file structure37.cif (mmCIF, C-alpha atoms and all ligand atoms)
data_coords
loop_
_atom_site.label_atom_id
_atom_site.label_comp_id
_atom_site.auth_asym_id
_atom_site.auth_seq_id
_atom_site.Cartn_x
_atom_site.Cartn_y
_atom_site.Cartn_z
CA MET N 865 55.45 149.60 102.65
CA ILE N 866 58.24 148.55 100.26
CA LEU N 867 58.03 149.39 96.57
CA GLY N 868 59.84 147.05 94.20
CA ILE N 869 61.09 147.72 90.68
CA GLU N 870 62.06 145.11 88.09
CA SER N 871 63.74 145.92 84.77
CA THR N 872 66.55 143.40 84.24
CA ALA N 873 65.48 142.22 80.77
CA HIS N 874 62.17 142.29 78.90
CA THR N 875 59.83 143.17 81.76
CA PHE N 876 59.27 146.45 83.53
CA GLY N 877 57.35 145.98 86.74
CA VAL N 878 56.38 147.77 89.93
CA GLY N 879 55.07 145.98 92.99
CA LEU N 880 54.15 146.85 96.56
CA VAL N 881 54.63 144.65 99.61
CA HIS N 882 53.75 145.20 103.25
CA ASN N 883 54.45 142.64 105.97
CA LYS N 884 55.08 139.91 103.37
CA LYS N 885 51.72 140.61 101.79
CA ILE N 886 51.74 141.43 98.09
CA LEU N 887 49.47 144.43 97.53
CA SER N 888 50.14 144.90 93.85
CA ASN N 889 52.27 143.42 91.10
CA VAL N 890 51.96 145.32 87.82
CA ARG N 891 54.14 144.74 84.78
CA ASP N 892 54.49 145.24 81.09
CA MET N 893 56.59 143.07 78.82
CA TYR N 894 58.55 144.05 75.75
CA LYS N 895 57.65 141.67 72.94
CA THR N 896 58.67 141.25 69.31
CA GLU N 897 56.86 139.87 66.26
CA SER N 898 60.00 138.12 65.11
CA GLY N 899 63.55 137.96 66.40
CA GLY N 900 64.84 138.28 69.95
CA ILE N 901 65.26 141.07 72.51
CA ILE N 902 67.16 144.14 71.35
CA PRO N 903 68.49 145.53 74.66
CA MET N 904 68.24 149.19 73.68
CA GLU N 905 64.68 148.74 72.44
CA SER N 906 63.70 146.91 75.59
CA ALA N 907 65.22 149.74 77.66
CA GLU N 908 63.23 152.29 75.65
CA HIS N 909 60.12 150.26 76.32
CA HIS N 910 60.85 150.39 80.08
CA LYS N 911 61.36 154.14 80.00
CA ARG N 912 58.09 154.63 78.13
CA VAL N 913 55.89 152.47 80.36
CA ALA N 914 57.51 153.25 83.74
CA PRO N 915 55.32 156.19 84.87
CA GLU N 916 52.10 154.38 83.94
CA ILE N 917 53.10 151.10 85.61
CA TYR N 918 54.10 152.98 88.74
CA LYS N 919 50.75 154.75 88.84
CA LYS N 920 48.84 151.49 88.34
CA ALA N 921 50.81 149.75 91.11
CA LEU N 922 49.88 152.47 93.59
CA GLU N 923 46.25 152.40 92.48
CA GLU N 924 45.96 148.61 92.77
CA ALA N 925 47.48 148.67 96.24
CA LYS N 926 45.26 151.64 97.10
CA ILE N 927 48.06 153.56 98.75
CA SER N 928 49.64 156.97 98.33
CA GLU N 929 53.32 157.64 97.68
CA ASP N 930 54.02 158.89 101.19
CA LYS N 931 53.47 155.36 102.61
CA ILE N 932 56.58 154.07 100.79
CA LYS N 933 59.37 153.44 103.28
CA ALA N 934 62.03 152.22 100.87
CA ILE N 935 62.50 151.26 97.23
CA ALA N 936 63.83 147.84 96.31
CA VAL N 937 65.32 147.68 92.85
CA SER N 938 66.73 144.77 90.94
CA ASN N 939 70.20 146.09 90.06
CA ALA N 940 71.71 142.72 89.02
CA PRO N 941 72.18 140.68 86.90
CA GLY N 942 70.73 141.63 83.53
CA LEU N 943 71.02 143.66 80.35
CA ALA N 944 72.87 146.89 81.14
CA PRO N 945 70.57 149.33 79.27
CA CYS N 946 67.52 147.75 80.90
CA LEU N 947 69.05 147.76 84.38
CA HIS N 948 69.90 151.44 83.89
CA GLU N 949 66.28 152.36 83.28
CA GLY N 950 65.05 150.63 86.42
CA VAL N 951 67.83 151.94 88.63
CA ASN N 952 67.48 155.50 87.30
CA PHE N 953 63.74 155.38 87.88
CA ALA N 954 64.33 154.09 91.42
CA LYS N 955 66.92 156.75 92.17
CA ALA N 956 64.75 159.62 90.98
CA LEU N 957 61.79 158.33 92.96
CA ALA N 958 63.87 157.69 96.09
CA LYS N 959 65.20 161.23 95.97
CA LYS N 960 61.73 162.65 95.44
CA LEU N 961 60.27 160.67 98.35
CA ASN N 962 63.41 160.96 100.46
CA VAL N 963 63.64 157.21 101.11
CA PRO N 964 66.55 154.73 100.84
CA ILE N 965 67.13 152.07 98.19
CA ILE N 966 67.57 148.33 98.67
CA PRO N 967 69.56 146.76 95.80
CA VAL N 968 68.24 143.24 95.12
CA ASN N 969 69.81 140.46 93.06
CA HIS N 970 67.16 139.23 90.64
CA CYS N 971 68.07 135.51 90.90
CA VAL N 972 67.99 135.62 94.69
CA ALA N 973 64.52 137.21 94.52
CA HIS N 974 63.24 134.23 92.49
CA LEU N 975 64.30 132.03 95.42
CA GLU N 976 63.10 134.27 98.24
CA ILE N 977 59.62 134.56 96.74
CA GLY N 978 59.34 130.81 97.41
CA ARG N 979 58.76 131.82 101.03
CA SER N 980 55.50 133.46 100.01
CA VAL N 981 54.15 130.01 99.13
CA GLY N 982 55.53 128.29 102.22
CA ALA N 983 59.05 127.14 101.33
CA LYS N 984 61.55 127.70 104.13
CA ASP N 985 64.89 126.47 102.88
CA PRO N 986 64.46 125.20 99.35
CA VAL N 987 66.49 124.26 96.33
CA LEU N 988 65.47 126.62 93.53
CA LEU N 989 65.27 125.45 89.96
CA TYR N 990 65.55 128.79 88.23
CA ALA N 991 64.63 128.29 84.59
CA SER N 992 64.30 131.59 82.81
CA GLY N 993 65.31 133.22 79.56
CA ALA N 994 68.91 134.15 80.22
CA ASN N 995 69.42 132.28 83.49
CA THR N 996 69.41 128.61 84.24
CA GLN N 997 70.69 127.79 87.70
CA ILE N 998 70.05 125.47 90.59
CA ILE N 999 70.47 127.56 93.70
CA ALA N 1000 70.34 126.81 97.42
CA TYR N 1001 71.49 128.42 100.61
CA ALA N 1002 74.60 126.91 102.16
CA ALA N 1003 77.23 128.31 104.54
CA GLY N 1004 76.25 131.98 104.39
CA LYS N 1005 75.55 132.28 100.67
CA TYR N 1006 73.20 131.34 97.94
CA ARG N 1007 75.32 128.82 96.09
CA VAL N 1008 74.97 127.74 92.52
CA PHE N 1009 74.88 123.94 92.56
CA GLY N 1010 74.44 123.60 88.85
CA GLU N 1011 73.94 125.84 85.87
CA THR N 1012 74.00 126.09 82.13
CA LEU N 1013 77.42 126.08 80.52
CA ASP N 1014 76.21 128.03 77.50
CA LEU N 1015 72.79 129.59 77.02
CA GLY N 1016 69.80 129.80 79.34
CA ILE N 1017 66.99 127.29 78.81
CA GLY N 1018 64.54 130.02 77.76
CA ASN N 1019 66.97 131.62 75.31
CA PHE N 1020 67.64 128.15 73.91
CA ILE N 1021 63.92 127.51 73.40
CA ASP N 1022 63.42 131.00 71.95
CA LYS N 1023 66.31 130.53 69.49
CA VAL N 1024 64.95 127.23 68.28
CA ALA N 1025 61.47 128.77 68.02
CA ARG N 1026 62.89 131.68 66.04
CA HIS N 1027 64.45 129.18 63.62
CA PHE N 1028 60.99 127.61 63.30
CA GLY N 1029 59.71 131.07 62.28
CA MET N 1030 58.08 132.12 65.56
CA GLY N 1031 58.42 135.40 67.47
CA PHE N 1032 59.56 136.08 71.03
CA PRO N 1033 58.76 134.54 73.45
CA GLY N 1034 58.83 131.13 71.79
CA GLY N 1035 58.29 128.99 74.89
CA PRO N 1036 54.49 129.02 74.99
CA GLU N 1037 54.31 128.23 71.26
CA ILE N 1038 56.72 125.29 71.64
CA GLU N 1039 54.64 123.98 74.55
CA LYS N 1040 51.51 123.99 72.38
CA LEU N 1041 53.25 122.18 69.49
CA ALA N 1042 54.77 119.62 71.88
CA LYS N 1043 51.31 118.40 72.85
CA LYS N 1044 50.95 116.89 69.37
CA GLY N 1045 54.46 115.53 69.02
CA LYS N 1046 56.20 112.23 69.59
CA TYR N 1047 59.65 111.39 70.88
CA ARG N 1048 62.79 111.24 68.81
CA GLU N 1049 66.18 110.97 70.42
CA LEU N 1050 68.29 114.07 71.04
CA ALA N 1051 71.67 114.40 72.76
CA TYR N 1052 71.22 114.54 76.53
CA SER N 1053 73.95 116.86 77.72
CA ILE N 1054 74.58 117.03 81.44
CA LYS N 1055 78.10 117.35 82.78
CA GLY N 1056 78.37 116.82 86.51
CA MET N 1057 75.78 119.27 87.81
CA ASP N 1058 75.84 121.49 84.74
CA VAL N 1059 73.78 121.42 81.59
CA SER N 1060 74.40 122.57 78.04
CA PHE N 1061 71.94 123.37 75.28
CA SER N 1062 73.85 124.69 72.28
CA GLY N 1063 74.45 121.23 70.76
CA MET N 1064 70.76 120.40 71.00
CA GLN N 1065 69.93 123.79 69.48
CA THR N 1066 72.06 123.13 66.39
CA LYS N 1067 70.66 119.61 66.04
CA LEU N 1068 67.05 120.78 66.25
CA GLN N 1069 67.66 123.46 63.65
CA GLN N 1070 69.29 120.94 61.31
CA LEU N 1071 66.43 118.48 61.74
CA TYR N 1072 63.91 121.24 61.02
CA ASP N 1073 65.79 122.17 57.84
CA LYS N 1074 65.69 118.51 56.81
CA GLY N 1075 61.91 118.64 57.12
CA GLU N 1076 61.29 116.75 60.38
CA LYS N 1077 57.91 117.43 61.97
CA VAL N 1078 58.01 120.55 64.11
CA GLU N 1079 55.63 118.98 66.67
CA ASP N 1080 58.03 116.06 67.21
CA LEU N 1081 60.96 118.43 67.56
CA ALA N 1082 59.09 120.56 70.12
CA PHE N 1083 58.07 117.49 72.13
CA SER N 1084 61.56 115.99 72.11
CA LEU N 1085 63.12 119.34 73.01
CA GLN N 1086 60.94 119.54 76.12
CA GLU N 1087 61.42 115.92 77.17
CA THR N 1088 65.20 116.06 76.80
CA ALA N 1089 66.01 119.56 78.08
CA PHE N 1090 63.63 119.41 81.03
CA ALA N 1091 64.85 115.96 82.08
CA MET N 1092 68.36 117.42 82.26
CA LEU N 1093 67.15 120.21 84.56
CA VAL N 1094 65.18 117.86 86.77
CA GLU N 1095 68.15 115.50 87.09
CA ALA N 1096 70.48 118.29 88.20
CA ALA N 1097 67.86 119.65 90.62
CA GLU N 1098 67.38 116.22 92.16
CA ARG N 1099 71.10 115.81 92.64
CA ALA N 1100 71.24 119.20 94.38
CA LEU N 1101 68.46 118.03 96.72
CA ALA N 1102 70.39 114.84 97.46
CA HIS N 1103 73.63 116.71 98.02
CA THR N 1104 72.27 119.44 100.28
CA GLY N 1105 69.77 117.23 102.10
CA LYS N 1106 67.10 119.88 101.57
CA LYS N 1107 63.49 118.77 101.40
CA GLU N 1108 61.87 121.51 99.33
CA LEU N 1109 61.97 122.36 95.64
CA VAL N 1110 60.86 125.77 94.38
CA LEU N 1111 60.40 126.62 90.71
CA GLY N 1112 61.22 130.03 89.31
CA GLY N 1113 61.60 131.77 85.97
CA GLY N 1114 59.42 132.04 82.89
CA VAL N 1115 60.16 128.54 81.63
CA ALA N 1116 58.72 127.22 84.91
CA CYS N 1117 55.32 128.27 83.49
CA ASN N 1118 55.60 125.19 81.27
CA SER N 1119 53.20 122.54 82.53
CA ARG N 1120 55.37 119.64 81.40
CA LEU N 1121 58.35 120.98 83.37
CA GLN N 1122 56.08 121.43 86.38
CA GLU N 1123 54.78 117.90 86.02
CA MET N 1124 58.29 116.41 85.75
CA CYS N 1125 59.40 118.28 88.88
CA GLN N 1126 56.31 117.15 90.77
CA ILE N 1127 56.94 113.52 89.83
CA MET N 1128 60.57 113.77 90.87
CA CYS N 1129 59.64 115.22 94.29
CA LYS N 1130 57.01 112.54 94.82
CA GLU N 1131 59.28 109.67 93.84
CA ARG N 1132 62.16 110.70 96.07
CA ILE N 1133 62.62 108.49 99.11
CA GLU N 1134 63.42 111.62 101.11
CA LYS N 1135 59.97 113.24 101.08
CA THR N 1136 60.37 116.46 99.11
CA LYS N 1137 57.80 119.24 98.99
CA TYR N 1138 57.14 120.85 95.64
CA PHE N 1139 56.40 124.56 95.42
CA CYS N 1140 55.43 126.43 92.31
CA PRO N 1141 54.46 130.08 92.84
CA GLU N 1142 51.57 131.47 90.83
CA ARG N 1143 52.45 132.51 87.31
CA PRO N 1144 52.69 136.29 88.10
CA LEU N 1145 55.38 135.43 90.66
CA LEU N 1146 57.18 132.92 88.45
CA VAL N 1147 57.95 135.24 85.57
CA ASP N 1148 60.03 138.38 85.99
CA ASN N 1149 58.07 140.60 88.32
CA ALA N 1150 58.52 143.39 90.83
CA ALA N 1151 56.55 141.85 93.71
CA MET N 1152 59.38 139.37 94.25
CA ILE N 1153 61.85 142.27 94.31
CA ALA N 1154 59.75 144.14 96.90
CA PHE N 1155 59.23 140.92 98.89
CA THR N 1156 62.99 140.22 99.03
CA GLY N 1157 63.71 143.91 99.62
CA GLU N 1158 61.44 143.90 102.65
CA ILE N 1159 63.23 140.90 104.19
CA MET N 1160 66.57 142.67 103.63
CA PHE N 1161 65.30 146.04 104.87
CA ASN N 1162 64.00 144.49 108.08
CA THR N 1163 67.55 143.40 108.93
CA GLY N 1164 68.89 146.90 108.31
CA ILE N 1165 69.98 146.69 104.69
CA SER N 1166 69.50 149.83 102.57
CA CYS N 1167 71.62 152.59 101.10
CA LYS N 1168 71.55 156.14 99.81
CA PRO N 1169 70.21 156.45 96.23
CA ASP N 1170 73.53 157.68 94.82
CA LYS N 1171 75.35 154.60 96.12
CA VAL N 1172 73.35 152.18 93.96
CA GLU N 1173 74.96 150.93 90.79
CA ILE N 1174 73.99 148.35 88.22
CA LYS N 1175 75.86 145.02 88.25
CA PRO N 1176 74.97 143.34 84.95
CA ARG N 1177 77.15 140.30 85.64
CA GLU N 1178 76.79 139.82 89.38
CA ARG N 1179 76.63 136.13 90.21
CA THR N 1180 74.21 134.66 92.70
CA ASP N 1181 77.07 133.45 94.90
CA GLN N 1182 78.66 136.92 95.04
CA VAL N 1183 75.73 138.30 97.01
CA ASP N 1184 76.47 138.82 100.68
CA VAL N 1185 73.43 137.21 102.30
CA SER N 1186 73.52 138.98 105.64
CA TRP N 1187 69.74 138.84 106.10
CA ARG N 1188 69.56 135.13 106.85
P1 LIG V 1 61.90 135.09 82.28
O1 LIG V 1 63.22 135.49 81.68
O2 LIG V 1 62.03 134.37 83.59
O3 LIG V 1 60.85 136.14 82.33
O4 LIG V 1 61.30 133.99 81.28
C1 LIG V 1 61.15 134.24 79.91
C2 LIG V 1 61.33 132.94 79.17
O5 LIG V 1 60.32 132.02 79.53
C3 LIG V 1 61.27 133.09 77.67
O6 LIG V 1 62.43 132.48 77.15
C4 LIG V 1 60.02 132.31 77.28
O7 LIG V 1 60.11 131.68 76.03
C5 LIG V 1 59.93 131.29 78.40
N1 LIG V 1 58.59 130.76 78.57
C6 LIG V 1 57.46 131.39 78.91
N2 LIG V 1 56.40 130.56 78.95
C7 LIG V 1 56.89 129.33 78.64
C8 LIG V 1 56.31 128.03 78.50
N3 LIG V 1 55.01 127.83 78.68
N4 LIG V 1 57.13 127.02 78.18
C9 LIG V 1 58.45 127.21 77.99
N5 LIG V 1 59.04 128.40 78.10
C10 LIG V 1 58.29 129.45 78.42
MG MG V 2 63.98 136.11 85.96
#
call {"tool": "encode", "arguments": {"input": "structure37.cif", "output": "structure tokens"}}
result
Amino acid sequence: MILGIESTAHTFGVGLVHNKKILSNVRDMYKTESGGIIPMESAEHHKRVAPEIYKKALEEAKISEDKIKAIAVSNAPGLAPCLHEGVNFAKALAKKLNVPIIPVNHCVAHLEIGRSVGAKDPVLLYASGANTQIIAYAAGKYRVFGETLDLGIGNFIDKVARHFGMGFPGGPEIEKLAKKGKYRELAYSIKGMDVSFSGMQTKLQQLYDKGEKVEDLAFSLQETAFAMLVEAAERALAHTGKKELVLGGGVACNSRLQEMCQIMCKERIEKTKYFCPERPLLVDNAAMIAFTGEIMFNTGISCKPDKVEIKPRERTDQVDVSWR
């Protein structure tokens, strides 16, 4: 039994996995009425909910503490105060239970969880709040084939939403508005394999201030920004010759993004399978950390609790992927 802990940003989660089977996946998300994430407040949230979430995860899985063989914790990348809470919780628990820790890179876990829905060697379109990357395995590492040059797609959407007077997270609200909007042109900014959103952010805010319809702005935001992501993902598929696309990250909950990815996979001459994990495995969650931790643990990866440190800025391609 592997216990996973997630705390990299707004979500604190605990999950249990045994033989690739997810037994529980409990989480609680820090939210705000207006404005974005305040890292220290989010960390305080994690500290407050941790014992309760842990208890619920054990109850849902119907197991007792002594069945836990190791603790997988997402120690990178993320907001330092938030990472601290998760790693400290993991360390204390590991010491109490006398089990080792498996440090897991959060972005890699979004890709590995694709295996739980049948993907074997996919390209991951990771579209979350702070992260926007197109990742695939090549020559011993998870390589970043394309990424945002400025802010993550989710943060971009949230910032625009905040300017429109909405709270965090803004994504679901923008999706609702977009259903009633029509297209107006926005700058499509893709450079090689990389994307950039800050120009579109400024433009959308200016158009809103000039009184353009918020529904049209939401619709055009989605059409333009998602098309950029899908284009870069398709090019990564073409370049690597891989035949599977996996979605990950909170923005992947958006049904228009899902639809665009599905269409792209279907229209490719090289038959490409489309995988979209269930919503609880798309957003930040601890089951994916436990799931990845188990794969790593089974190849002998783990360490003493005191050896684990947070790595707020660790990049996907810095991870030594010795388990594949
Ligand atoms: P994550 O960091 O992966 O947990 O994802 C959080 C981000 O997902 C936030 O920026 C949300 O605004 C965004 N998000 C959640 N649901 C949706 C949605 N339906 N459409 C667009 N963005 C979304
Ligand atoms: Mg994430």
call {"tool": "closest_residue", "arguments": {"input": "structure37.cif", "among": "N:Gly993, N:Pro1036, N:Pro1169, N:Gly1075", "to": "ligand MG 2 (chain V)", "atoms": "all atoms listed in the file"}}
result
N:Gly993
call {"tool": "residues_near_ligand", "arguments": {"input": "structure37.cif", "ligand": "ligand MG 2 (chain V)", "cutoff": "10 Å", "atoms": "all atoms listed in the file", "output": "PyMOL selection string"}}
result
chain N and resi 870-875+941-942+970-974+990-996+1112-1115+1145-1149
call {"tool": "write_last_selection", "arguments": {"input": "structure37.cif", "atoms": "C-alpha atoms", "output": "short mmCIF file (atom, residue, chain, number, x, y, z; two decimals), in the coordinates of the input"}}
result
data_model
loop_
_atom_site.label_atom_id
_atom_site.label_comp_id
_atom_site.auth_asym_id
_atom_site.auth_seq_id
_atom_site.Cartn_x
_atom_site.Cartn_y
_atom_site.Cartn_z
CA GLU N 870 62.06 145.11 88.09
CA SER N 871 63.74 145.92 84.77
CA THR N 872 66.55 143.40 84.24
CA ALA N 873 65.48 142.22 80.77
CA HIS N 874 62.17 142.29 78.90
CA THR N 875 59.83 143.17 81.76
CA PRO N 941 72.18 140.68 86.90
CA GLY N 942 70.73 141.63 83.53
CA HIS N 970 67.16 139.23 90.64
CA CYS N 971 68.07 135.51 90.90
CA VAL N 972 67.99 135.62 94.69
CA ALA N 973 64.52 137.21 94.52
CA HIS N 974 63.24 134.23 92.49
CA TYR N 990 65.55 128.79 88.23
CA ALA N 991 64.63 128.29 84.59
CA SER N 992 64.30 131.59 82.81
CA GLY N 993 65.31 133.22 79.56
CA ALA N 994 68.91 134.15 80.22
CA ASN N 995 69.42 132.28 83.49
CA THR N 996 69.41 128.61 84.24
CA GLY N 1112 61.22 130.03 89.31
CA GLY N 1113 61.60 131.77 85.97
CA GLY N 1114 59.42 132.04 82.89
CA VAL N 1115 60.16 128.54 81.63
CA LEU N 1145 55.38 135.43 90.66
CA LEU N 1146 57.18 132.92 88.45
CA VAL N 1147 57.95 135.24 85.57
CA ASP N 1148 60.03 138.38 85.99
CA ASN N 1149 58.07 140.60 88.32
#
call {"tool": "atom_distance", "arguments": {"input": "structure37.cif", "atom1": "CA of Ala954 in chain N", "atom2": "CA of Ile869 in chain N"}}
result
7.2 Å
call {"tool": "closest_residue", "arguments": {"input": "structure37.cif", "among": "N:Glu924, N:Glu1037, N:Asp1080, N:Glu1134", "to": "Thr1104 in chain N", "atoms": "all atoms listed in the file"}}
result
N:Glu1134
call {"tool": "closest_residue", "arguments": {"input": "structure37.cif", "among": "N:Glu897, N:Glu1079, N:Glu905, N:Glu923", "to": "Pro1033 in chain N", "atoms": "all atoms listed in the file"}}
result
N:Glu897
call {"tool": "axis_aligned_box", "arguments": {"input": "structure37.cif", "around": "ligand LIG 1 (chain V)", "padding_each_side": "4 Å", "output": "AutoDock Vina command-line options"}}
result
--center_x 59.1 --center_y 131.6 --center_z 79.8 --size_x 16.2 --size_y 17.1 --size_z 15.6
call {"tool": "closest_residue", "arguments": {"input": "structure37.cif", "among": "N:Arg1048, N:Arg1188, N:Lys1055, N:Lys885", "to": "Ile977 in chain N", "atoms": "all atoms listed in the file"}}
result
N:Lys885
call {"tool": "closest_residue", "arguments": {"input": "structure37.cif", "among": "N:Met893, N:Leu947, N:Val963, N:Met1160", "to": "ligand LIG 1 (chain V)", "atoms": "all atoms listed in the file"}}
result
N:Met893
call {"tool": "closest_residue", "arguments": {"input": "structure37.cif", "among": "N:Thr1136, N:Thr1156, N:Ser1084, N:Asn1019", "to": "Val987 in chain N", "atoms": "all atoms listed in the file"}}
result
N:Thr1136
call {"tool": "atom_distance", "arguments": {"input": "structure37.cif", "atom1": "CA of Val878 in chain N", "atom2": "CA of Ile1038 in chain N"}}
result
29.0 Å
